[in-house]
>>> print(open('entry13.cif').read())   # mmCIF, C-alpha atoms and all ligand atoms
data_final
#
loop_
_atom_site.label_atom_id
_atom_site.label_comp_id
_atom_site.auth_asym_id
_atom_site.auth_seq_id
_atom_site.Cartn_x
_atom_site.Cartn_y
_atom_site.Cartn_z
CA MET X 1 -219.21 6.53 -191.82
CA SER X 2 -222.85 5.83 -191.22
CA GLU X 3 -223.67 2.21 -191.00
CA ARG X 4 -226.66 0.67 -189.38
CA LEU X 5 -225.89 -2.64 -187.81
CA GLU X 6 -229.41 -3.37 -186.64
CA PRO X 7 -231.34 -4.73 -189.61
CA SER X 8 -235.00 -3.91 -190.09
CA GLY X 9 -237.10 -5.70 -192.65
CA TRP X 10 -236.19 -9.02 -194.21
CA VAL X 11 -232.48 -9.79 -194.39
CA ALA X 12 -231.11 -12.75 -196.38
CA VAL X 13 -228.95 -14.88 -194.09
CA ALA X 14 -228.49 -18.21 -195.87
CA ARG X 15 -229.18 -20.18 -199.01
CA SER X 16 -232.13 -22.55 -198.59
CA LYS X 17 -229.99 -25.44 -199.67
CA ALA X 18 -227.47 -24.77 -196.90
CA LEU X 19 -230.07 -25.72 -194.29
CA GLY X 20 -230.68 -29.46 -194.16
CA LYS X 21 -231.60 -31.59 -191.18
CA ASN X 22 -228.86 -30.15 -188.99
CA PRO X 23 -229.21 -26.72 -187.41
CA LEU X 24 -227.25 -23.90 -189.03
CA ARG X 25 -225.54 -20.97 -187.30
CA VAL X 26 -225.56 -17.67 -189.19
CA ILE X 27 -224.59 -14.18 -188.04
CA ALA X 28 -226.50 -11.04 -188.90
CA ALA X 29 -225.64 -7.63 -187.47
CA GLY X 30 -223.28 -9.24 -184.97
CA ARG X 31 -226.15 -11.40 -183.72
CA PRO X 32 -225.59 -15.19 -183.91
CA LEU X 33 -228.76 -16.96 -185.02
CA VAL X 34 -229.63 -20.60 -185.33
CA LEU X 35 -231.84 -21.78 -188.16
CA PHE X 36 -233.48 -25.19 -188.02
CA ARG X 37 -236.17 -27.12 -189.83
CA THR X 38 -238.88 -29.26 -188.28
CA ALA X 39 -242.04 -30.79 -189.76
CA ALA X 40 -243.85 -27.57 -188.85
CA GLY X 41 -241.45 -25.34 -190.80
CA THR X 42 -238.28 -23.30 -190.56
CA HIS X 43 -237.39 -21.57 -187.29
CA CYS X 44 -234.92 -18.90 -186.22
CA LEU X 45 -233.71 -18.39 -182.63
CA ALA X 46 -230.84 -16.55 -181.01
CA ASP X 47 -227.99 -19.08 -181.09
CA ILE X 48 -227.47 -19.20 -177.35
CA CYS X 49 -228.83 -21.49 -174.69
CA PRO X 50 -230.29 -19.53 -171.75
CA HIS X 51 -228.77 -22.09 -169.35
CA ARG X 52 -224.97 -21.95 -169.84
CA SER X 53 -224.80 -20.11 -173.17
CA ALA X 54 -223.86 -23.04 -175.40
CA PRO X 55 -224.60 -22.48 -179.10
CA LEU X 56 -227.83 -24.32 -179.90
CA SER X 57 -226.59 -24.73 -183.47
CA ALA X 58 -224.09 -27.32 -182.17
CA GLY X 59 -227.03 -29.44 -181.00
CA ARG X 60 -229.62 -31.36 -182.98
CA VAL X 61 -233.23 -31.21 -184.03
CA VAL X 62 -235.54 -33.58 -182.14
CA GLY X 63 -239.15 -33.57 -183.32
CA GLU X 64 -240.40 -29.98 -183.09
CA ALA X 65 -237.52 -28.82 -180.89
CA ILE X 66 -233.83 -28.02 -180.98
CA GLU X 67 -231.74 -29.75 -178.31
CA CYS X 68 -228.82 -27.98 -176.63
CA PRO X 69 -225.54 -29.92 -176.98
CA TYR X 70 -224.48 -29.21 -173.36
CA HIS X 71 -227.20 -30.49 -170.98
CA GLY X 72 -229.87 -31.36 -173.51
CA TRP X 73 -232.48 -28.73 -172.76
CA ARG X 74 -234.95 -28.50 -175.61
CA PHE X 75 -236.53 -25.43 -177.16
CA ALA X 76 -239.48 -25.12 -179.53
CA GLY X 77 -239.49 -22.85 -182.59
CA SER X 78 -241.17 -20.22 -180.39
CA GLY X 79 -238.05 -20.27 -178.18
CA ARG X 80 -239.95 -21.79 -175.23
CA CYS X 81 -238.13 -24.46 -173.20
CA THR X 82 -239.97 -27.78 -173.59
CA ALA X 83 -237.71 -30.20 -171.72
CA VAL X 84 -234.92 -30.35 -169.13
CA PRO X 85 -233.50 -33.89 -169.10
CA GLY X 86 -233.45 -35.47 -165.64
CA LEU X 87 -235.83 -32.96 -164.13
CA VAL X 88 -238.69 -34.41 -162.12
CA GLY X 89 -241.46 -31.87 -162.13
CA GLU X 90 -242.36 -28.79 -164.07
CA THR X 91 -240.12 -27.46 -166.87
CA PRO X 92 -238.70 -24.05 -165.88
CA ARG X 93 -239.78 -21.00 -167.78
CA ALA X 94 -236.93 -20.26 -170.10
CA LEU X 95 -237.12 -18.46 -173.39
CA VAL X 96 -234.68 -18.03 -176.25
CA PRO X 97 -235.38 -14.95 -178.40
CA SER X 98 -237.13 -16.01 -181.62
CA TYR X 99 -237.29 -14.20 -184.92
CA SER X 100 -239.46 -14.17 -188.02
CA VAL X 101 -238.07 -16.34 -190.78
CA THR X 102 -239.20 -17.07 -194.32
CA GLU X 103 -237.85 -18.54 -197.55
CA LYS X 104 -238.18 -17.34 -201.11
CA ASP X 105 -236.35 -17.99 -204.39
CA GLY X 106 -233.67 -20.14 -202.75
CA LEU X 107 -232.84 -17.77 -199.88
CA ILE X 108 -233.71 -17.77 -196.17
CA PHE X 109 -234.61 -14.39 -194.70
CA PHE X 110 -234.92 -13.35 -191.06
CA SER X 111 -236.37 -10.27 -189.48
CA THR X 112 -236.27 -8.78 -186.01
CA GLY X 113 -239.76 -7.36 -186.63
CA ARG X 114 -243.07 -8.85 -187.67
CA GLU X 115 -243.12 -8.49 -191.43
CA SER X 116 -246.47 -8.56 -193.19
CA ASP X 117 -245.11 -8.84 -196.74
CA ALA X 118 -242.96 -11.50 -198.37
CA PRO X 119 -239.33 -10.44 -198.88
CA TYR X 120 -238.31 -8.80 -202.12
CA THR X 121 -235.89 -11.12 -203.90
CA THR X 122 -235.23 -9.90 -207.42
CA VAL X 123 -236.92 -8.05 -210.25
CA LEU X 124 -237.00 -11.05 -212.58
CA SER X 125 -238.57 -14.19 -211.23
CA GLY X 126 -240.99 -16.89 -212.25
CA GLN X 127 -241.26 -19.38 -215.08
CA ASP X 128 -239.67 -17.33 -217.85
CA THR X 129 -236.53 -16.64 -215.88
CA VAL X 130 -233.27 -18.46 -215.39
CA SER X 131 -231.39 -17.58 -212.25
CA THR X 132 -228.39 -18.62 -210.25
CA ILE X 133 -227.20 -17.58 -206.78
CA VAL X 134 -223.65 -16.78 -205.70
CA GLU X 135 -222.57 -16.29 -202.10
CA SER X 136 -219.68 -14.13 -200.99
CA ARG X 137 -218.04 -12.51 -197.97
CA VAL X 138 -215.99 -9.33 -197.93
CA ASN X 139 -214.13 -7.57 -195.12
CA ALA X 140 -215.67 -4.14 -195.55
CA SER X 141 -218.72 -2.15 -194.54
CA LEU X 142 -222.12 -2.55 -196.15
CA ALA X 143 -221.97 0.99 -197.56
CA GLU X 144 -218.61 0.27 -199.27
CA VAL X 145 -219.85 -3.00 -200.75
CA ALA X 146 -223.19 -1.63 -201.92
CA GLU X 147 -221.46 1.34 -203.53
CA ASN X 148 -218.95 -0.94 -205.23
CA ILE X 149 -221.70 -3.02 -206.82
CA LEU X 150 -223.50 0.08 -208.10
CA ASP X 151 -220.45 2.10 -209.09
CA ALA X 152 -220.03 2.36 -212.86
CA THR X 153 -216.69 4.18 -212.71
CA HIS X 154 -214.56 1.37 -211.25
CA THR X 155 -215.35 -1.21 -213.92
CA HIS X 156 -212.82 0.26 -216.40
CA PHE X 157 -210.04 -0.44 -213.95
CA THR X 158 -211.03 -3.19 -211.54
CA HIS X 159 -212.73 -5.33 -214.20
CA LYS X 160 -210.90 -4.50 -217.41
CA GLY X 161 -211.70 -7.20 -219.96
CA ILE X 162 -214.41 -8.86 -217.90
CA LEU X 163 -217.09 -6.24 -217.57
CA ARG X 164 -215.42 -3.69 -219.84
CA GLY X 165 -213.53 -4.03 -223.09
CA LEU X 166 -209.76 -3.77 -223.21
CA SER X 167 -209.91 -0.48 -225.07
CA SER X 168 -210.07 2.69 -223.04
CA ARG X 169 -212.87 4.07 -225.18
CA ARG X 170 -215.56 5.88 -223.24
CA TYR X 171 -219.04 6.99 -224.19
CA ARG X 172 -220.97 10.00 -223.02
CA VAL X 173 -223.96 8.98 -220.93
CA THR X 174 -226.68 10.81 -219.07
CA VAL X 175 -227.24 9.72 -215.49
CA THR X 176 -230.45 10.47 -213.65
CA VAL X 177 -230.42 9.87 -209.90
CA SER X 178 -233.73 9.67 -208.10
CA GLY X 179 -235.17 7.91 -205.09
CA GLY X 180 -237.69 7.72 -202.30
CA ASP X 181 -237.93 6.54 -198.72
CA GLY X 182 -235.41 3.74 -198.34
CA TRP X 183 -234.19 3.63 -201.94
CA VAL X 184 -232.10 5.43 -204.54
CA GLU X 185 -231.44 4.63 -208.18
CA ALA X 186 -229.25 5.84 -211.03
CA ARG X 187 -230.40 5.43 -214.63
CA TYR X 188 -227.73 5.44 -217.30
CA LYS X 189 -228.82 6.41 -220.80
CA GLY X 190 -226.79 6.55 -223.99
CA GLU X 191 -224.28 3.85 -223.13
CA PRO X 192 -223.86 1.29 -225.90
CA LYS X 193 -223.53 -2.35 -224.95
CA GLN X 194 -220.32 -2.80 -222.99
CA GLU X 195 -217.46 -4.60 -224.64
CA GLY X 196 -216.40 -6.86 -221.81
CA LEU X 197 -216.86 -10.60 -221.96
CA ILE X 198 -219.93 -10.73 -219.77
CA SER X 199 -221.83 -8.18 -221.83
CA ARG X 200 -220.80 -9.84 -225.08
CA LEU X 201 -222.12 -13.15 -223.89
CA LEU X 202 -225.28 -12.06 -222.23
CA GLU X 203 -226.73 -8.91 -223.50
CA GLY X 204 -228.56 -7.98 -226.66
CA GLU X 205 -228.77 -4.30 -227.50
CA ARG X 206 -228.76 -2.16 -224.41
CA SER X 207 -231.13 0.74 -223.96
CA ILE X 208 -230.66 1.78 -220.36
CA SER X 209 -229.10 0.34 -217.27
CA ILE X 210 -230.20 0.99 -213.72
CA GLY X 211 -228.34 0.67 -210.44
CA ARG X 212 -230.48 0.74 -207.33
CA PHE X 213 -229.99 0.53 -203.58
CA ARG X 214 -232.85 -0.47 -201.28
CA ALA X 215 -232.92 -0.62 -197.51
CA PRO X 216 -231.87 -2.55 -195.57
CA GLY X 217 -229.10 -3.85 -197.87
CA ILE X 218 -230.10 -4.62 -201.45
CA ALA X 219 -227.90 -3.47 -204.34
CA GLU X 220 -229.22 -4.34 -207.78
CA LEU X 221 -228.39 -3.75 -211.41
CA GLU X 222 -230.76 -4.02 -214.37
CA PHE X 223 -229.62 -4.06 -217.98
CA TRP X 224 -232.50 -3.26 -220.28
CA GLY X 225 -232.84 -4.16 -223.94
CA LYS X 226 -235.45 -2.57 -226.15
CA ASP X 227 -238.44 -3.63 -224.08
CA ARG X 228 -237.30 -6.04 -221.43
CA ILE X 229 -234.58 -6.69 -218.91
CA ASN X 230 -231.79 -8.76 -220.47
CA LEU X 231 -229.90 -9.28 -217.28
CA ALA X 232 -230.47 -8.45 -213.63
CA THR X 233 -228.24 -8.97 -210.62
CA THR X 234 -229.64 -8.46 -207.13
CA PHE X 235 -227.32 -8.57 -204.16
CA HIS X 236 -228.71 -9.11 -200.70
CA LEU X 237 -226.10 -7.77 -198.31
CA CYS X 238 -225.90 -8.13 -194.57
CA GLN X 239 -223.36 -6.64 -192.19
CA GLU X 240 -222.50 -9.92 -190.54
CA THR X 241 -220.05 -8.51 -188.02
CA ALA X 242 -218.53 -5.04 -187.75
CA ASP X 243 -215.91 -5.95 -190.36
CA THR X 244 -217.60 -8.50 -192.61
CA VAL X 245 -220.37 -8.25 -195.16
CA HIS X 246 -222.14 -11.45 -196.21
CA GLY X 247 -223.80 -11.29 -199.59
CA PHE X 248 -226.03 -13.38 -201.82
CA GLY X 249 -226.23 -12.38 -205.47
CA ILE X 250 -229.12 -13.54 -207.60
CA LEU X 251 -228.28 -13.36 -211.29
CA SER X 252 -231.24 -13.66 -213.56
CA GLY X 253 -232.18 -13.34 -217.19
CA PRO X 254 -234.91 -14.39 -219.59
CA ARG X 255 -235.18 -18.12 -220.26
CA GLN X 256 -234.97 -17.87 -224.11
CA GLY X 257 -235.56 -21.59 -224.61
CA GLY X 258 -232.45 -23.45 -223.50
CA LEU X 259 -230.21 -20.51 -224.27
CA GLY X 260 -230.84 -18.83 -220.94
CA HIS X 261 -229.49 -21.87 -219.08
CA LEU X 262 -226.41 -21.99 -221.23
CA LYS X 263 -225.78 -18.32 -220.64
CA ALA X 264 -226.27 -18.70 -216.90
CA LEU X 265 -223.71 -21.52 -216.88
CA LEU X 266 -221.23 -19.44 -218.84
CA PHE X 267 -221.92 -16.38 -216.80
CA ARG X 268 -221.21 -17.86 -213.39
CA PRO X 269 -217.42 -18.28 -213.65
CA PHE X 270 -216.94 -14.79 -215.07
CA PHE X 271 -219.14 -13.40 -212.40
CA LEU X 272 -217.07 -15.13 -209.73
CA ILE X 273 -213.90 -13.65 -211.22
CA ALA X 274 -215.44 -10.18 -211.07
CA LEU X 275 -216.51 -10.76 -207.47
CA GLY X 276 -212.95 -11.78 -206.59
CA GLN X 277 -211.60 -8.61 -208.18
CA ASP X 278 -214.01 -6.50 -206.14
CA ARG X 279 -213.25 -8.40 -202.95
CA ARG X 280 -209.51 -7.83 -203.33
CA ILE X 281 -209.77 -4.09 -203.88
CA LEU X 282 -212.42 -3.61 -201.18
CA GLN X 283 -210.40 -5.52 -198.59
CA ALA X 284 -207.16 -3.74 -199.47
CA ALA X 285 -208.94 -0.39 -199.10
CA GLU X 286 -210.48 -1.49 -195.79
CA VAL X 287 -207.05 -2.43 -194.39
CA ASN X 288 -205.83 1.02 -195.39
CA ARG X 289 -208.83 2.79 -193.90
CA ARG X 290 -208.04 1.18 -190.56
CA MET X 291 -204.34 2.00 -190.72
CA PHE X 292 -205.04 5.59 -191.76
CA ALA X 293 -207.86 5.88 -189.25
CA GLU X 294 -207.58 9.64 -188.98
CA ARG X 295 -208.17 10.22 -192.69
CA ARG X 296 -211.57 10.93 -194.13
CA GLN X 297 -212.55 9.73 -197.56
CA MET X 298 -213.23 12.21 -200.31
CA MET X 299 -216.55 12.21 -202.09
CA GLY X 300 -215.71 12.41 -205.80
CA PRO X 301 -217.77 14.35 -208.34
CA LEU X 302 -218.88 11.10 -210.02
CA ASP X 303 -219.89 9.31 -206.80
CA VAL X 304 -223.56 9.70 -207.59
CA MET X 305 -224.92 7.00 -205.27
CA ARG X 306 -222.81 7.04 -202.14
CA PRO X 307 -224.23 10.10 -200.30
CA HIS X 308 -227.71 8.63 -200.74
CA ILE X 309 -226.69 5.13 -199.70
CA ASP X 310 -225.17 6.65 -196.56
CA ALA X 311 -228.36 8.64 -195.89
CA ILE X 312 -230.58 5.58 -196.31
CA LEU X 313 -228.37 3.49 -194.02
CA ALA X 314 -228.63 6.26 -191.43
CA GLY X 315 -232.44 5.98 -191.68
CA LYS X 316 -232.81 9.28 -193.57
CA ARG X 317 -234.67 10.13 -196.76
CA PRO X 318 -232.17 10.59 -199.62
CA GLU X 319 -231.94 14.13 -200.97
CA VAL X 320 -232.69 13.01 -204.54
CA ALA X 321 -236.11 11.74 -203.41
CA ASP X 322 -237.34 15.33 -203.56
CA ARG X 323 -234.86 16.72 -206.07
CA PRO X 324 -233.72 14.20 -208.71
CA ALA X 325 -230.28 15.00 -210.09
CA GLU X 326 -228.99 14.66 -213.63
CA LEU X 327 -225.44 14.73 -214.89
CA VAL X 328 -223.43 13.78 -217.93
CA MET X 329 -220.32 11.64 -217.61
CA GLU X 330 -218.12 9.48 -219.80
CA LEU X 331 -218.29 5.77 -219.14
S1 LIG X 401 -226.10 -24.93 -171.70
FE1 LIG X 401 -227.76 -25.54 -172.80
S2 LIG X 401 -228.64 -27.06 -171.58
FE2 LIG X 401 -227.05 -26.30 -170.38
FE FE X 402 -217.10 -4.44 -209.36
#
>>> encode(input="entry13.cif", output="structure tokens")
Amino acid sequence: MSERLEPSGWVAVARSKALGKNPLRVIAAGRPLVLFRTAAGTHCLADICPHRSAPLSAGRVVGEAIECPYHGWRFAGSGRCTAVPGLVGETPRALVPSYSVTEKDGLIFFSTGRESDAPYTTVLSGQDTVSTIVESRVNASLAEVAENILDATHTHFTHKGILRGLSSRRYRVTVTVSGGDGWVEARYKGEPKQEGLISRLLEGERSISIGRFRAPGIAELEFWGKDRINLATTFHLCQETADTVHGFGILSGPRQGGLGHLKALLFRPFFLIALGQDRRILQAAEVNRRMFAERRQMMGPLDVMRPHIDAILAGKRPEVADRPAELVMEL
């Protein structure tokens, strides 16, 4: 399986509200990071003291610096050592790796590079939008989780009653898969509004729905009404360690007076149930994959996204970027 552990571009690592006056340790791509806030802003360093390797996140913020909990060395947001308690004379040159960090729409993003643009958060944002964030962890690979979010063929089984109705009725839909450098999307046309609870509550008439994957780890769904998006869910996924994916889902919809808020409130618990259902099946499959390590997975004829997700994660241009594909299936 192709999976890129080294993130490039902005990667969501925490909710803004999780970072208060104490430092916060997060892990991205197997790399422990410490986030901390000072008057000057938010900072992100490798969570390791260059002296005896203590996690800086177990220390505290003092003025513009973070103080190591072991011997009290202090480091600025740039990673430069600014103080060694007890030392008479010049502070030694010590540097903790520092990373770009920024916040948008309630999430904190880090990057190993120097990003010139703000991170992409979600398709719907601003004044006319109501949104809520859910956080989740799954023992699986990023490719498996991204595919699961975008896969329309598991909902009949994994989410019967929640995302789909209880009847086994299916409708013929046309799926167009296209893409470009770093992204792939599937557009589903001809599907009536789904009969599950979430759709009943939230959606008006549905015209098309779109599932999209973007590098480095964004999986998003858009449900379109006649001329606007009725509901969008954008998941920011990060391969935290080799066996865990950390995800933040932004659910958003039009404000519609107070109605949008009410819907968002109602939506959240159902959404959490659906996430739990996905987590259980993904983790059970992951346990099996490890125990049947010699077996390869089969690519099914309806797995329209997975080959392209794998290609993008391997840093390649997806095949559908140059040759969009169309197929008919029953959903
Ligand atoms: S380990 Fe950090 S100051 Fe010694
Ligand atoms: Fe699901």
>>> residues_near_ligand(input="entry13.cif", ligand="ligand LIG 401 (chain X)", cutoff="9 Å", atoms="all atoms listed in the file", output="ChimeraX atom specification")
/X:48-56,67-74,84-85
>>> closest_atom_pairs(input="entry13.cif", of="chain X", to="ligand FE 402 (chain X)", cutoff="6 Å", atoms="all atoms listed in the file", output="JSON lines")
{"residue": "X:Asn148", "atom": "CA", "partner": "X:FE402", "partner_atom": "FE", "distance": 5.7}
{"residue": "X:Ile149", "atom": "CA", "partner": "X:FE402", "partner_atom": "FE", "distance": 5.4}
{"residue": "X:Thr155", "atom": "CA", "partner": "X:FE402", "partner_atom": "FE", "distance": 5.9}
{"residue": "X:Asp278", "atom": "CA", "partner": "X:FE402", "partner_atom": "FE", "distance": 4.9}
>>> closest_residue(input="entry13.cif", among="X:Ile229, X:Leu19, X:Ala118, X:Ala94", to="Pro254 of chain X", atoms="only C-alpha atoms")
X:Ile229
>>> closest_residue(input="entry13.cif", among="X:Ala274, X:Val34, X:Val177, X:Val11", to="Gly113 of chain X", atoms="all atoms listed in the file")
X:Val11
>>> closest_residue(input="entry13.cif", among="X:Val245, X:Ile218, X:Val88, X:Val96", to="Ile312 of chain X", atoms="only C-alpha atoms")
X:Ile218
>>> atom_distance(input="entry13.cif", atom1="atom CA of Ser16 of chain X", atom2="atom CA of Thr102 of chain X")
9.9 Å
>>> build_atoms(input="entry13.cif", residues="segment 22-46 of chain X", atoms="N, CA, C and O atoms", output="PDB file, in the frame of the given file")
ATOM      1  N   ASN X  22    -229.615 -30.690-190.120  1.00  0.00           N
ATOM      2  CA  ASN X  22    -228.860 -30.150-188.990  1.00  0.00           C
ATOM      3  C   ASN X  22    -229.106 -28.652-188.841  1.00  0.00           C
ATOM      4  O   ASN X  22    -229.312 -27.958-189.830  1.00  0.00           O
ATOM      5  N   PRO X  23    -229.054 -28.170-187.598  1.00  0.00           N
ATOM      6  CA  PRO X  23    -229.210 -26.720-187.410  1.00  0.00           C
ATOM      7  C   PRO X  23    -228.047 -25.958-188.047  1.00  0.00           C
ATOM      8  O   PRO X  23    -226.964 -26.520-188.225  1.00  0.00           O
ATOM      9  N   LEU X  24    -228.277 -24.707-188.368  1.00  0.00           N
ATOM     10  CA  LEU X  24    -227.250 -23.900-189.030  1.00  0.00           C
ATOM     11  C   LEU X  24    -227.077 -22.580-188.280  1.00  0.00           C
ATOM     12  O   LEU X  24    -228.048 -21.889-187.989  1.00  0.00           O
ATOM     13  N   ARG X  25    -225.828 -22.258-187.953  1.00  0.00           N
ATOM     14  CA  ARG X  25    -225.540 -20.970-187.300  1.00  0.00           C
ATOM     15  C   ARG X  25    -225.224 -19.939-188.374  1.00  0.00           C
ATOM     16  O   ARG X  25    -224.402 -20.185-189.266  1.00  0.00           O
ATOM     17  N   VAL X  26    -225.880 -18.791-188.304  1.00  0.00           N
ATOM     18  CA  VAL X  26    -225.560 -17.670-189.190  1.00  0.00           C
ATOM     19  C   VAL X  26    -225.410 -16.439-188.301  1.00  0.00           C
ATOM     20  O   VAL X  26    -225.863 -16.437-187.150  1.00  0.00           O
ATOM     21  N   ILE X  27    -224.761 -15.407-188.830  1.00  0.00           N
ATOM     22  CA  ILE X  27    -224.590 -14.180-188.040  1.00  0.00           C
ATOM     23  C   ILE X  27    -225.130 -13.017-188.849  1.00  0.00           C
ATOM     24  O   ILE X  27    -224.818 -12.871-190.034  1.00  0.00           O
ATOM     25  N   ALA X  28    -225.969 -12.238-188.245  1.00  0.00           N
ATOM     26  CA  ALA X  28    -226.500 -11.040-188.900  1.00  0.00           C
ATOM     27  C   ALA X  28    -226.405  -9.897-187.907  1.00  0.00           C
ATOM     28  O   ALA X  28    -226.891 -10.012-186.776  1.00  0.00           O
ATOM     29  N   ALA X  29    -225.783  -8.806-188.334  1.00  0.00           N
ATOM     30  CA  ALA X  29    -225.640  -7.630-187.470  1.00  0.00           C
ATOM     31  C   ALA X  29    -224.997  -7.986-186.131  1.00  0.00           C
ATOM     32  O   ALA X  29    -225.404  -7.506-185.079  1.00  0.00           O
ATOM     33  N   GLY X  30    -224.006  -8.867-186.177  1.00  0.00           N
ATOM     34  CA  GLY X  30    -223.280  -9.240-184.970  1.00  0.00           C
ATOM     35  C   GLY X  30    -224.090 -10.161-184.055  1.00  0.00           C
ATOM     36  O   GLY X  30    -223.662 -10.456-182.939  1.00  0.00           O
ATOM     37  N   ARG X  31    -225.243 -10.595-184.536  1.00  0.00           N
ATOM     38  CA  ARG X  31    -226.150 -11.400-183.720  1.00  0.00           C
ATOM     39  C   ARG X  31    -226.112 -12.841-184.228  1.00  0.00           C
ATOM     40  O   ARG X  31    -226.565 -13.104-185.348  1.00  0.00           O
ATOM     41  N   PRO X  32    -225.584 -13.802-183.443  1.00  0.00           N
ATOM     42  CA  PRO X  32    -225.590 -15.190-183.910  1.00  0.00           C
ATOM     43  C   PRO X  32    -227.017 -15.765-183.843  1.00  0.00           C
ATOM     44  O   PRO X  32    -227.712 -15.615-182.838  1.00  0.00           O
ATOM     45  N   LEU X  33    -227.415 -16.378-184.916  1.00  0.00           N
ATOM     46  CA  LEU X  33    -228.760 -16.960-185.020  1.00  0.00           C
ATOM     47  C   LEU X  33    -228.617 -18.432-185.337  1.00  0.00           C
ATOM     48  O   LEU X  33    -227.651 -18.844-185.978  1.00  0.00           O
ATOM     49  N   VAL X  34    -229.599 -19.225-184.891  1.00  0.00           N
ATOM     50  CA  VAL X  34    -229.630 -20.600-185.330  1.00  0.00           C
ATOM     51  C   VAL X  34    -230.901 -20.816-186.144  1.00  0.00           C
ATOM     52  O   VAL X  34    -231.989 -20.401-185.743  1.00  0.00           O
ATOM     53  N   LEU X  35    -230.710 -21.416-187.315  1.00  0.00           N
ATOM     54  CA  LEU X  35    -231.840 -21.780-188.160  1.00  0.00           C
ATOM     55  C   LEU X  35    -232.017 -23.283-188.052  1.00  0.00           C
ATOM     56  O   LEU X  35    -231.038 -24.019-188.014  1.00  0.00           O
ATOM     57  N   PHE X  36    -233.254 -23.742-187.978  1.00  0.00           N
ATOM     58  CA  PHE X  36    -233.480 -25.190-188.020  1.00  0.00           C
ATOM     59  C   PHE X  36    -234.851 -25.502-188.604  1.00  0.00           C
ATOM     60  O   PHE X  36    -235.763 -24.696-188.541  1.00  0.00           O
ATOM     61  N   ARG X  37    -234.919 -26.684-189.192  1.00  0.00           N
ATOM     62  CA  ARG X  37    -236.170 -27.120-189.830  1.00  0.00           C
ATOM     63  C   ARG X  37    -236.792 -28.237-189.014  1.00  0.00           C
ATOM     64  O   ARG X  37    -236.097 -29.158-188.570  1.00  0.00           O
ATOM     65  N   THR X  38    -238.111 -28.149-188.850  1.00  0.00           N
ATOM     66  CA  THR X  38    -238.880 -29.260-188.280  1.00  0.00           C
ATOM     67  C   THR X  38    -240.046 -29.513-189.233  1.00  0.00           C
ATOM     68  O   THR X  38    -240.180 -28.801-190.236  1.00  0.00           O
ATOM     69  N   ALA X  39    -240.884 -30.506-188.898  1.00  0.00           N
ATOM     70  CA  ALA X  39    -242.040 -30.790-189.760  1.00  0.00           C
ATOM     71  C   ALA X  39    -242.922 -29.562-189.891  1.00  0.00           C
ATOM     72  O   ALA X  39    -243.536 -29.321-190.930  1.00  0.00           O
ATOM     73  N   ALA X  40    -242.967 -28.740-188.837  1.00  0.00           N
ATOM     74  CA  ALA X  40    -243.850 -27.570-188.850  1.00  0.00           C
ATOM     75  C   ALA X  40    -243.295 -26.414-189.694  1.00  0.00           C
ATOM     76  O   ALA X  40    -244.030 -25.505-190.049  1.00  0.00           O
ATOM     77  N   GLY X  41    -242.001 -26.436-189.990  1.00  0.00           N
ATOM     78  CA  GLY X  41    -241.450 -25.340-190.800  1.00  0.00           C
ATOM     79  C   GLY X  41    -240.032 -24.981-190.396  1.00  0.00           C
ATOM     80  O   GLY X  41    -239.346 -25.748-189.721  1.00  0.00           O
ATOM     81  N   THR X  42    -239.627 -23.788-190.833  1.00  0.00           N
ATOM     82  CA  THR X  42    -238.280 -23.300-190.560  1.00  0.00           C
ATOM     83  C   THR X  42    -238.337 -22.328-189.381  1.00  0.00           C
ATOM     84  O   THR X  42    -239.266 -21.526-189.301  1.00  0.00           O
ATOM     85  N   HIS X  43    -237.374 -22.408-188.488  1.00  0.00           N
ATOM     86  CA  HIS X  43    -237.390 -21.570-187.290  1.00  0.00           C
ATOM     87  C   HIS X  43    -236.063 -20.821-187.149  1.00  0.00           C
ATOM     88  O   HIS X  43    -235.041 -21.262-187.678  1.00  0.00           O
ATOM     89  N   CYS X  44    -236.124 -19.713-186.434  1.00  0.00           N
ATOM     90  CA  CYS X  44    -234.920 -18.900-186.220  1.00  0.00           C
ATOM     91  C   CYS X  44    -234.908 -18.411-184.772  1.00  0.00           C
ATOM     92  O   CYS X  44    -235.821 -17.712-184.335  1.00  0.00           O
ATOM     93  N   LEU X  45    -233.875 -18.807-184.032  1.00  0.00           N
ATOM     94  CA  LEU X  45    -233.710 -18.390-182.630  1.00  0.00           C
ATOM     95  C   LEU X  45    -232.338 -17.744-182.453  1.00  0.00           C
ATOM     96  O   LEU X  45    -231.440 -17.947-183.273  1.00  0.00           O
ATOM     97  N   ALA X  46    -232.176 -16.998-181.381  1.00  0.00           N
ATOM     98  CA  ALA X  46    -230.840 -16.550-181.010  1.00  0.00           C
ATOM     99  C   ALA X  46    -230.025 -17.817-180.734  1.00  0.00           C
ATOM    100  O   ALA X  46    -230.528 -18.750-180.112  1.00  0.00           O
TER     101      ALA X  46
END
